[in-house]
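Structure file input19.csv with CSV, C-alpha atoms:
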```
chain,number,residue,atom,x,y,z
A,1,MET,CA,86.0,110.5,94.6
A,2,LEU,CA,86.8,107.2,96.3
A,3,HIS,CA,86.5,104.2,94.0
A,4,THR,CA,86.3,100.6,95.0
A,5,ILE,CA,87.6,98.4,92.2
A,6,SER,CA,87.2,94.7,92.2
A,7,VAL,CA,89.5,92.7,90.1
A,8,LEU,CA,89.4,88.9,89.5
A,9,VAL,CA,92.8,87.5,88.5
A,10,ASP,CA,94.5,84.2,87.9
A,11,ASN,CA,96.4,83.3,91.0
A,12,HIS,CA,100.0,83.6,89.6
A,13,PHE,CA,103.3,84.9,90.6
A,14,GLY,CA,103.8,88.6,90.0
A,15,VAL,CA,100.2,89.5,89.2
A,16,LEU,CA,99.9,91.7,92.3
A,17,SER,CA,103.1,93.4,91.5
A,18,ARG,CA,102.1,94.1,87.9
A,19,ILE,CA,98.6,95.4,88.9
A,20,SER,CA,99.8,97.6,91.8
A,21,GLY,CA,102.5,98.9,89.4
A,22,LEU,CA,99.9,100.0,86.9
A,23,PHE,CA,98.3,102.3,89.6
A,24,SER,CA,101.6,103.7,90.9
A,25,ALA,CA,102.9,104.4,87.4
A,26,ARG,CA,100.0,106.8,86.9
A,27,GLY,CA,100.6,108.5,90.2
A,28,TYR,CA,97.6,106.8,91.7
A,29,ASN,CA,98.2,106.0,95.3
A,30,ILE,CA,96.3,103.0,96.5
A,31,GLU,CA,94.4,103.8,99.7
A,32,SER,CA,93.9,100.1,100.6
A,33,LEU,CA,94.2,96.8,98.8
A,34,CYS,CA,93.2,93.3,99.7
A,35,VAL,CA,94.0,90.2,97.8
A,36,GLY,CA,92.9,86.7,98.7
A,37,VAL,CA,91.8,83.5,96.9
A,38,THR,CA,88.2,83.0,95.9
A,39,GLU,CA,86.2,79.8,96.3
A,40,ASP,CA,88.2,78.7,93.2
A,41,ALA,CA,91.8,78.4,94.5
A,42,THR,CA,93.2,79.3,91.0
A,43,ILE,CA,91.5,82.7,91.0
A,44,SER,CA,92.1,85.6,93.4
A,45,ARG,CA,90.1,88.7,94.0
A,46,MET,CA,91.7,92.0,94.6
A,47,THR,CA,89.8,94.9,96.0
A,48,VAL,CA,91.5,98.2,95.5
A,49,ALA,CA,90.3,101.5,97.1
A,50,VAL,CA,91.6,104.5,95.3
A,51,HIS,CA,91.0,108.2,95.4
A,52,GLY,CA,91.4,110.2,92.2
A,53,ASP,CA,90.7,111.5,88.9
A,54,GLU,CA,87.9,109.7,86.9
A,55,ARG,CA,89.6,109.9,83.5
A,56,VAL,CA,92.9,108.5,84.8
A,57,LEU,CA,91.0,105.7,86.5
A,58,GLU,CA,89.3,104.8,83.2
A,59,GLN,CA,92.7,104.4,81.6
A,60,ILE,CA,93.9,102.2,84.4
A,61,VAL,CA,90.8,100.0,84.1
A,62,SER,CA,91.3,99.7,80.4
A,63,GLN,CA,94.9,98.7,80.9
A,64,LEU,CA,93.9,96.2,83.5
A,65,HIS,CA,91.6,94.6,81.0
A,66,LYS,CA,94.6,94.0,78.7
A,67,LEU,CA,96.5,91.9,81.2
A,68,VAL,CA,96.2,88.2,80.4
A,69,GLU,CA,95.9,87.4,84.1
A,70,VAL,CA,92.9,89.7,84.6
A,71,ILE,CA,89.5,87.9,84.3
A,72,GLU,CA,87.2,90.8,85.3
A,73,VAL,CA,87.5,94.4,86.4
A,74,ARG,CA,84.5,96.2,88.0
A,75,ASP,CA,84.2,99.6,89.6
A,76,LEU,CA,81.7,98.7,92.3
A,77,THR,CA,81.2,102.3,93.2
A,78,ARG,CA,79.0,102.5,90.1
A,79,GLU,CA,76.5,99.9,91.3
A,80,ARG,CA,74.6,98.9,94.4
A,81,HIS,CA,77.1,97.1,96.6
A,82,VAL,CA,78.1,96.4,100.2
A,83,GLU,CA,81.5,97.2,101.6
A,84,ARG,CA,83.1,96.1,104.8
A,85,GLU,CA,86.5,96.4,106.5
A,86,LEU,CA,88.1,94.7,109.5
A,87,VAL,CA,90.3,96.4,112.0
A,88,LEU,CA,92.4,95.0,114.9
A,89,LEU,CA,93.3,97.6,117.5
A,90,LYS,CA,95.7,97.1,120.5
A,91,VAL,CA,94.7,99.6,123.1
A,92,ALA,CA,96.6,100.5,126.2
A,93,ALA,CA,94.0,100.1,129.0
A,94,ASP,CA,94.7,99.0,132.6
A,95,ALA,CA,92.0,98.0,135.0
A,96,ASP,CA,91.0,101.6,135.7
A,97,ARG,CA,90.1,102.5,132.2
A,98,ARG,CA,89.0,99.1,130.9
A,99,THR,CA,85.3,99.5,131.8
A,100,GLU,CA,85.2,102.7,129.9
A,101,LEU,CA,86.9,101.2,126.9
A,102,LEU,CA,84.6,98.1,126.9
A,103,GLU,CA,81.5,100.5,126.9
A,104,VAL,CA,82.8,102.0,123.7
A,105,CYS,CA,83.3,98.5,122.3
A,106,THR,CA,79.8,97.5,123.1
A,107,ILE,CA,78.3,100.5,121.3
A,108,PHE,CA,80.3,99.8,118.2
A,109,ARG,CA,79.8,96.0,118.5
A,110,ALA,CA,83.6,95.6,118.6
A,111,LYS,CA,84.7,92.3,120.0
A,112,VAL,CA,87.5,91.9,122.6
A,113,ILE,CA,89.8,89.1,121.3
A,114,ASP,CA,92.7,89.4,123.7
A,115,MET,CA,93.3,91.0,127.1
A,116,SER,CA,96.3,91.4,129.3
A,117,THR,CA,96.9,93.5,132.5
A,118,ASP,CA,97.8,96.6,130.5
A,119,ALA,CA,96.3,96.2,127.0
A,120,VAL,CA,93.2,94.9,125.1
A,121,ILE,CA,93.0,93.8,121.5
A,122,VAL,CA,89.7,94.5,119.9
A,123,GLU,CA,88.2,93.5,116.5
A,124,VAL,CA,85.7,95.6,114.7
A,125,THR,CA,84.1,95.4,111.3
A,126,GLY,CA,82.0,97.8,109.4
A,127,SER,CA,81.9,100.5,106.8
A,128,GLU,CA,84.7,103.0,106.5
A,129,ASP,CA,82.6,105.6,108.4
A,130,LYS,CA,82.0,103.3,111.3
A,131,ILE,CA,85.6,102.2,111.5
A,132,THR,CA,86.8,105.9,111.5
A,133,ALA,CA,84.3,106.8,114.2
A,134,PHE,CA,85.4,103.9,116.3
A,135,ILE,CA,89.1,104.7,116.0
A,136,ASP,CA,88.4,108.3,116.9
A,137,MET,CA,86.6,107.1,120.1
A,138,VAL,CA,89.4,104.8,121.1
A,139,ARG,CA,92.3,107.1,120.3
A,140,PRO,CA,92.2,108.9,123.7
A,141,PHE,CA,92.9,105.6,125.4
A,142,GLY,CA,96.1,105.3,123.5
A,143,ILE,CA,96.4,103.1,120.4
A,144,ALA,CA,99.5,100.9,120.7
A,145,GLU,CA,99.0,99.3,117.3
A,146,LEU,CA,96.5,99.1,114.6
A,147,ALA,CA,96.1,96.7,111.6
A,148,ARG,CA,93.3,97.2,109.0
A,149,THR,CA,92.5,95.0,106.1
A,150,GLY,CA,91.2,97.7,103.8
A,151,LYS,CA,87.8,97.3,102.4
A,152,ILE,CA,86.3,94.4,100.5
A,153,ALA,CA,83.0,94.7,98.6
A,154,LEU,CA,80.4,92.7,96.7
A,155,SER,CA,77.8,93.8,94.3
A,156,ARG,CA,74.3,93.4,95.7
A,157,SER,CA,72.8,91.8,92.5
A,158,LEU,CA,72.9,88.1,92.2
A,159,ASN,CA,73.4,88.0,88.4
A,160,GLY,CA,76.0,90.7,88.1
A,161,HIS,CA,79.1,89.1,89.1
A,162,SER,CA,79.1,85.3,89.0
A,163,LEU,CA,82.6,84.0,89.3
A,164,LYS,CA,81.8,80.8,87.5
A,165,ALA,CA,80.3,82.6,84.5
A,166,ASP,CA,83.2,85.0,84.4
A,167,ALA,CA,85.8,82.2,84.6
A,168,ALA,CA,84.0,80.2,81.9
A,169,ALA,CA,83.8,83.3,79.6
A,170,HIS,CA,87.5,83.9,80.2
A,171,GLY,CA,88.4,80.3,79.4
A,172,ALA,CA,86.4,80.5,76.2
A,173,SER,CA,88.0,83.7,75.0
B,1,MET,CA,105.0,76.6,106.7
B,2,LEU,CA,102.6,79.5,106.5
B,3,HIS,CA,104.2,82.8,107.6
B,4,THR,CA,102.4,86.0,108.5
B,5,ILE,CA,104.7,88.9,107.8
B,6,SER,CA,103.8,92.4,109.0
B,7,VAL,CA,105.6,95.3,107.3
B,8,LEU,CA,105.3,98.9,108.2
B,9,VAL,CA,106.0,101.2,105.2
B,10,ASP,CA,106.0,104.8,104.3
B,11,ASN,CA,102.7,105.5,102.5
B,12,HIS,CA,104.2,106.3,99.0
B,13,PHE,CA,103.5,105.5,95.4
B,14,GLY,CA,105.0,102.3,94.3
B,15,VAL,CA,105.9,100.7,97.6
B,16,LEU,CA,103.3,98.0,97.3
B,17,SER,CA,104.5,97.2,93.8
B,18,ARG,CA,108.1,97.1,94.9
B,19,ILE,CA,107.4,94.8,97.9
B,20,SER,CA,105.1,92.4,96.1
B,21,GLY,CA,107.7,92.3,93.3
B,22,LEU,CA,110.4,91.1,95.8
B,23,PHE,CA,108.2,88.1,96.7
B,24,SER,CA,107.3,87.2,93.2
B,25,ALA,CA,110.9,87.6,91.9
B,26,ARG,CA,111.9,84.8,94.3
B,27,GLY,CA,109.0,82.6,93.1
B,28,TYR,CA,107.1,83.2,96.3
B,29,ASN,CA,103.4,83.3,95.7
B,30,ILE,CA,101.6,85.5,98.1
B,31,GLU,CA,98.6,83.7,99.6
B,32,SER,CA,97.0,86.9,100.8
B,33,LEU,CA,98.0,90.5,101.3
B,34,CYS,CA,96.3,93.5,102.9
B,35,VAL,CA,97.5,97.0,103.0
B,36,GLY,CA,95.9,99.9,104.7
B,37,VAL,CA,96.9,103.1,106.5
B,38,THR,CA,97.7,102.9,110.2
B,39,GLU,CA,96.7,105.5,112.8
B,40,ASP,CA,99.4,107.7,111.3
B,41,ALA,CA,98.2,108.4,107.8
B,42,THR,CA,101.8,108.6,106.4
B,43,ILE,CA,102.5,105.0,107.4
B,44,SER,CA,100.8,101.9,106.0
B,45,ARG,CA,100.8,98.4,107.4
B,46,MET,CA,101.1,95.4,105.0
B,47,THR,CA,100.2,92.0,106.2
B,48,VAL,CA,101.5,89.3,103.9
B,49,ALA,CA,100.6,85.6,104.2
B,50,VAL,CA,103.1,83.3,102.4
B,51,HIS,CA,103.7,79.6,102.3
B,52,GLY,CA,107.2,78.6,101.7
B,53,ASP,CA,110.8,77.8,102.3
B,54,GLU,CA,112.3,79.3,105.5
B,55,ARG,CA,115.6,80.2,104.0
B,56,VAL,CA,114.2,82.0,101.0
B,57,LEU,CA,111.9,83.9,103.3
B,58,GLU,CA,114.8,85.1,105.4
B,59,GLN,CA,116.4,86.5,102.3
B,60,ILE,CA,113.2,88.3,101.4
B,61,VAL,CA,113.0,89.8,104.9
B,62,SER,CA,116.5,91.0,104.7
B,63,GLN,CA,115.9,92.6,101.3
B,64,LEU,CA,112.8,94.2,102.7
B,65,HIS,CA,114.9,95.8,105.4
B,66,LYS,CA,117.0,97.4,102.8
B,67,LEU,CA,114.2,99.3,101.1
B,68,VAL,CA,114.1,102.9,102.3
B,69,GLU,CA,110.3,102.9,102.5
B,70,VAL,CA,110.3,100.0,104.9
B,71,ILE,CA,110.1,101.0,108.6
B,72,GLU,CA,109.8,97.5,110.2
B,73,VAL,CA,109.4,93.9,109.2
B,74,ARG,CA,108.2,91.2,111.5
B,75,ASP,CA,107.4,87.5,111.1
B,76,LEU,CA,104.5,87.3,113.5
B,77,THR,CA,104.5,83.6,113.2
B,78,ARG,CA,107.5,83.6,115.5
B,79,GLU,CA,105.7,85.3,118.4
B,80,ARG,CA,102.4,85.2,120.3
B,81,HIS,CA,99.9,87.0,118.1
B,82,VAL,CA,96.3,87.1,117.1
B,83,GLU,CA,95.1,86.7,113.5
B,84,ARG,CA,91.8,87.5,111.9
B,85,GLU,CA,90.3,87.6,108.5
B,86,LEU,CA,87.0,89.0,107.1
B,87,VAL,CA,85.0,87.3,104.4
B,88,LEU,CA,81.9,88.5,102.5
B,89,LEU,CA,79.9,85.7,100.9
B,90,LYS,CA,76.9,86.0,98.5
B,91,VAL,CA,74.9,82.8,98.8
B,92,ALA,CA,72.0,81.8,96.6
B,93,ALA,CA,69.2,81.0,99.0
B,94,ASP,CA,65.5,81.5,98.3
B,95,ALA,CA,62.9,81.4,101.1
B,96,ASP,CA,62.9,77.6,101.2
B,97,ARG,CA,66.6,77.2,102.1
B,98,ARG,CA,67.0,80.5,103.9
B,99,THR,CA,66.2,79.2,107.4
B,100,GLU,CA,68.8,76.4,107.0
B,101,LEU,CA,71.4,78.9,105.9
B,102,LEU,CA,70.6,81.3,108.7
B,103,GLU,CA,71.1,78.4,111.2
B,104,VAL,CA,74.6,77.8,109.9
B,105,CYS,CA,75.3,81.6,110.1
B,106,THR,CA,74.2,81.7,113.8
B,107,ILE,CA,76.5,78.8,114.7
B,108,PHE,CA,79.5,80.6,113.1
B,109,ARG,CA,78.4,84.0,114.3
B,110,ALA,CA,78.2,85.2,110.8
B,111,LYS,CA,76.1,88.4,110.2
B,112,VAL,CA,73.6,88.8,107.4
B,113,ILE,CA,74.2,92.2,105.9
B,114,ASP,CA,72.0,92.1,102.8
B,115,MET,CA,69.1,90.0,101.7
B,116,SER,CA,67.1,89.7,98.5
B,117,THR,CA,64.4,87.2,97.3
B,118,ASP,CA,67.1,84.9,95.9
B,119,ALA,CA,70.3,85.7,97.7
B,120,VAL,CA,71.8,86.6,101.1
B,121,ILE,CA,75.1,88.4,101.7
B,122,VAL,CA,76.8,87.4,105.0
B,123,GLU,CA,79.9,88.7,106.8
B,124,VAL,CA,82.1,86.5,108.9
B,125,THR,CA,85.3,87.1,110.7
B,126,GLY,CA,87.7,84.7,112.4
B,127,SER,CA,90.8,82.6,112.1
B,128,GLU,CA,91.6,80.9,108.8
B,129,ASP,CA,90.4,77.6,110.2
B,130,LYS,CA,87.0,79.0,111.1
B,131,ILE,CA,86.6,80.8,107.8
B,132,THR,CA,87.5,77.6,105.9
B,133,ALA,CA,85.0,75.6,107.9
B,134,PHE,CA,82.2,78.2,107.4
B,135,ILE,CA,82.9,78.3,103.6
B,136,ASP,CA,82.7,74.5,103.5
B,137,MET,CA,79.3,74.6,105.3
B,138,VAL,CA,77.9,77.2,103.0
B,139,ARG,CA,79.2,75.8,99.7
B,140,PRO,CA,76.3,73.3,99.2
B,141,PHE,CA,73.9,76.3,99.2
B,142,GLY,CA,75.7,77.7,96.2
B,143,ILE,CA,78.3,80.5,96.6
B,144,ALA,CA,77.6,83.1,94.0
B,145,GLU,CA,80.5,85.3,95.0
B,146,LEU,CA,83.1,85.5,97.7
B,147,ALA,CA,85.5,88.3,98.8
B,148,ARG,CA,88.1,87.8,101.5
B,149,THR,CA,90.4,90.3,103.0
B,150,GLY,CA,93.3,88.0,103.7
B,151,LYS,CA,94.5,87.9,107.3
B,152,ILE,CA,95.7,90.7,109.5
B,153,ALA,CA,97.6,90.1,112.7
B,154,LEU,CA,98.9,91.9,115.8
B,155,SER,CA,101.5,90.7,118.3
B,156,ARG,CA,100.0,90.1,121.7
B,157,SER,CA,102.7,91.9,123.6
B,158,LEU,CA,102.3,95.6,124.3
B,159,ASN,CA,105.9,96.5,124.1
B,160,GLY,CA,106.9,94.6,121.1
B,161,HIS,CA,105.6,96.6,118.3
B,162,SER,CA,104.8,100.2,119.1
B,163,LEU,CA,104.3,102.1,115.9
B,164,LYS,CA,105.4,105.4,117.4
B,165,ALA,CA,108.6,103.9,118.8
B,166,ASP,CA,109.3,102.3,115.4
B,167,ALA,CA,108.6,105.4,113.5
B,168,ALA,CA,110.8,107.5,115.8
B,169,ALA,CA,113.6,105.0,115.6
B,170,HIS,CA,113.3,105.0,111.8
B,171,GLY,CA,113.4,108.8,111.7
B,172,ALA,CA,116.6,108.8,113.8
B,173,SER,CA,118.4,106.1,111.8
```
Transcribe the structure of this file into structure tokens.
Amino acid sequence: MLHTISVLVDNHFGVLSRISGLFSARGYNIESLCVGVTEDATISRMTVAVHGDERVLEQIVSQLHKLVEVIEVRDLTRERHVERELVLLKVAADADRRTELLEVCTIFRAKVIDMSTDAVIVEVTGSEDKITAFIDMVRPFGIAELARTGKIALSRSLNGHSLKADAAAHGAS
Amino acid sequence: MLHTISVLVDNHFGVLSRISGLFSARGYNIESLCVGVTEDATISRMTVAVHGDERVLEQIVSQLHKLVEVIEVRDLTRERHVERELVLLKVAADADRRTELLEVCTIFRAKVIDMSTDAVIVEVTGSEDKITAFIDMVRPFGIAELARTGKIALSRSLNGHSLKADAAAHGAS
């Protein structure tokens, strides 16, 4: 099963290395990982997408909780949540094939952000399924390059995951 | 100066931990990092945004080149490129303030992807500047939660950065 783990951490040197090391030490390959600061610059949020065994994952989560830099760990797969991913694609498309490519982009609400005589760079966001379908449609044109962020996610409930409350609780502990 | 480093790596256990460890060992704090598979599932692309000293960064890049899992390293800041980031924001907004919030979203082309009686989740993509401006505009409403992917980037030239050519060269070396 694919899990989406959201981890709030203190924004320190080495936290990323330590956390990704926890996963790899258990033979868990990370499918995607994003890390960026939150609205509080001292706190970062990591979103980790991993496939794998439920029991091993529980061990990893419990080890994550033990790291002093970790403020909160949540498996968002267990609750109602939204997930999105961003992909940039550079597609080889000269004038002859451009119209056809742009039609695919329109259907998937992908946005052209750069164009030259022989290539187009498009931006698309969505769920993993949508992204996969879009890449499949564009592949025949010839993908020169692809960069994807990996997914980020938020719980749909307002109360569940307040950063301020978490940070305050962390500070008090 | 803020650098955007793009690293193509073999999709193996522990690569992420090793690479992020290289940065932190030199006291380089990673501002954001994304890693996800490319169109070739055996190869992942990492995009790392780091602030810092040019000379130290050069040392890190040269160390990255020495890792067997590393196929290519590029400092995209040195060439013409496009950068984008995706942010999900959960904003506290009841019916009274919702219209005002939606107006801000329209101006920034942010998309509402979830709504409840007391909160709205919006998705926005763009450059770092645009994202920062949007977050500043939304902050007064009350940000309950924020997840950002960190930036991804692609070189604008078609020839510069072909994954296939890179992978072939790597295999041959």
Give me the chain A side of the contact with chain B, cut-off 6 Å, one line per residue showing its nearest atom pair and distance in Å at one decimal, counting all atoms listed in the file, sorted by chain and residue number, as JSON lines.
```
{"residue": "A:Phe13", "atom": "CA", "partner": "B:Ser24", "partner_atom": "CA", "distance": 5.3}
{"residue": "A:Gly14", "atom": "CA", "partner": "B:Ser24", "partner_atom": "CA", "distance": 4.9}
{"residue": "A:Ser17", "atom": "CA", "partner": "B:Ser17", "partner_atom": "CA", "distance": 4.7}
{"residue": "A:Ser20", "atom": "CA", "partner": "B:Ser17", "partner_atom": "CA", "distance": 5.1}
{"residue": "A:Gly21", "atom": "CA", "partner": "B:Ser17", "partner_atom": "CA", "distance": 5.1}
{"residue": "A:Ser24", "atom": "CA", "partner": "B:Gly14", "partner_atom": "CA", "distance": 5.0}
{"residue": "A:Asn29", "atom": "CA", "partner": "B:Phe13", "partner_atom": "CA", "distance": 5.3}
{"residue": "A:Ser32", "atom": "CA", "partner": "B:Gly36", "partner_atom": "CA", "distance": 4.6}
{"residue": "A:Leu33", "atom": "CA", "partner": "B:Val35", "partner_atom": "CA", "distance": 5.3}
{"residue": "A:Cys34", "atom": "CA", "partner": "B:Cys34", "partner_atom": "CA", "distance": 4.5}
{"residue": "A:Val35", "atom": "CA", "partner": "B:Leu33", "partner_atom": "CA", "distance": 5.3}
{"residue": "A:Gly36", "atom": "CA", "partner": "B:Ser32", "partner_atom": "CA", "distance": 4.6}
{"residue": "A:Thr38", "atom": "CA", "partner": "B:Leu146", "partner_atom": "CA", "distance": 6.0}
{"residue": "A:Ala144", "atom": "CA", "partner": "B:Ser162", "partner_atom": "CA", "distance": 5.6}
{"residue": "A:Leu146", "atom": "CA", "partner": "B:Thr38", "partner_atom": "CA", "distance": 5.9}
{"residue": "A:Arg148", "atom": "CA", "partner": "B:Gly36", "partner_atom": "CA", "distance": 5.7}
{"residue": "A:Thr149", "atom": "CA", "partner": "B:Cys34", "partner_atom": "CA", "distance": 5.2}
{"residue": "A:Gly150", "atom": "CA", "partner": "B:Gly36", "partner_atom": "CA", "distance": 5.3}
{"residue": "A:Ser162", "atom": "CA", "partner": "B:Ala144", "partner_atom": "CA", "distance": 5.7}
```
(Q) Give me the residues near B:Glu103 as a list in words, where near means some atom within 12 Å (using all atoms listed in the file) and where sequence neighbours in that chain fewer than 4 positions away do not count. (A)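 Counting only the stated atoms, we get Arg97, Arg98, Thr99, Ile107, Phe108, Arg109, Ala110, Lys111, Val112, Phe134, Met137 and Val138 of chain B.
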(Q) Using all atoms listed in the file, can you tell me which of B:Ala93, B:Met1, B:Leu101, B:Ala41 comes closest to B:Asp53? (A) B:Met1
Q.
Would you compute the distance between atom CA of A:Ile43 and atom CA of A:Leu8? Give it in Å to one decimal.
A.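 Separation of atom CA of A:Ile43 and atom CA of A:Leu8: 6.7 Å.
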Q. Could you state the separation of atom CA of A:Leu64 and atom CA of A:Ile5 in Å, given to one decimal place?
A. 11.0 Å
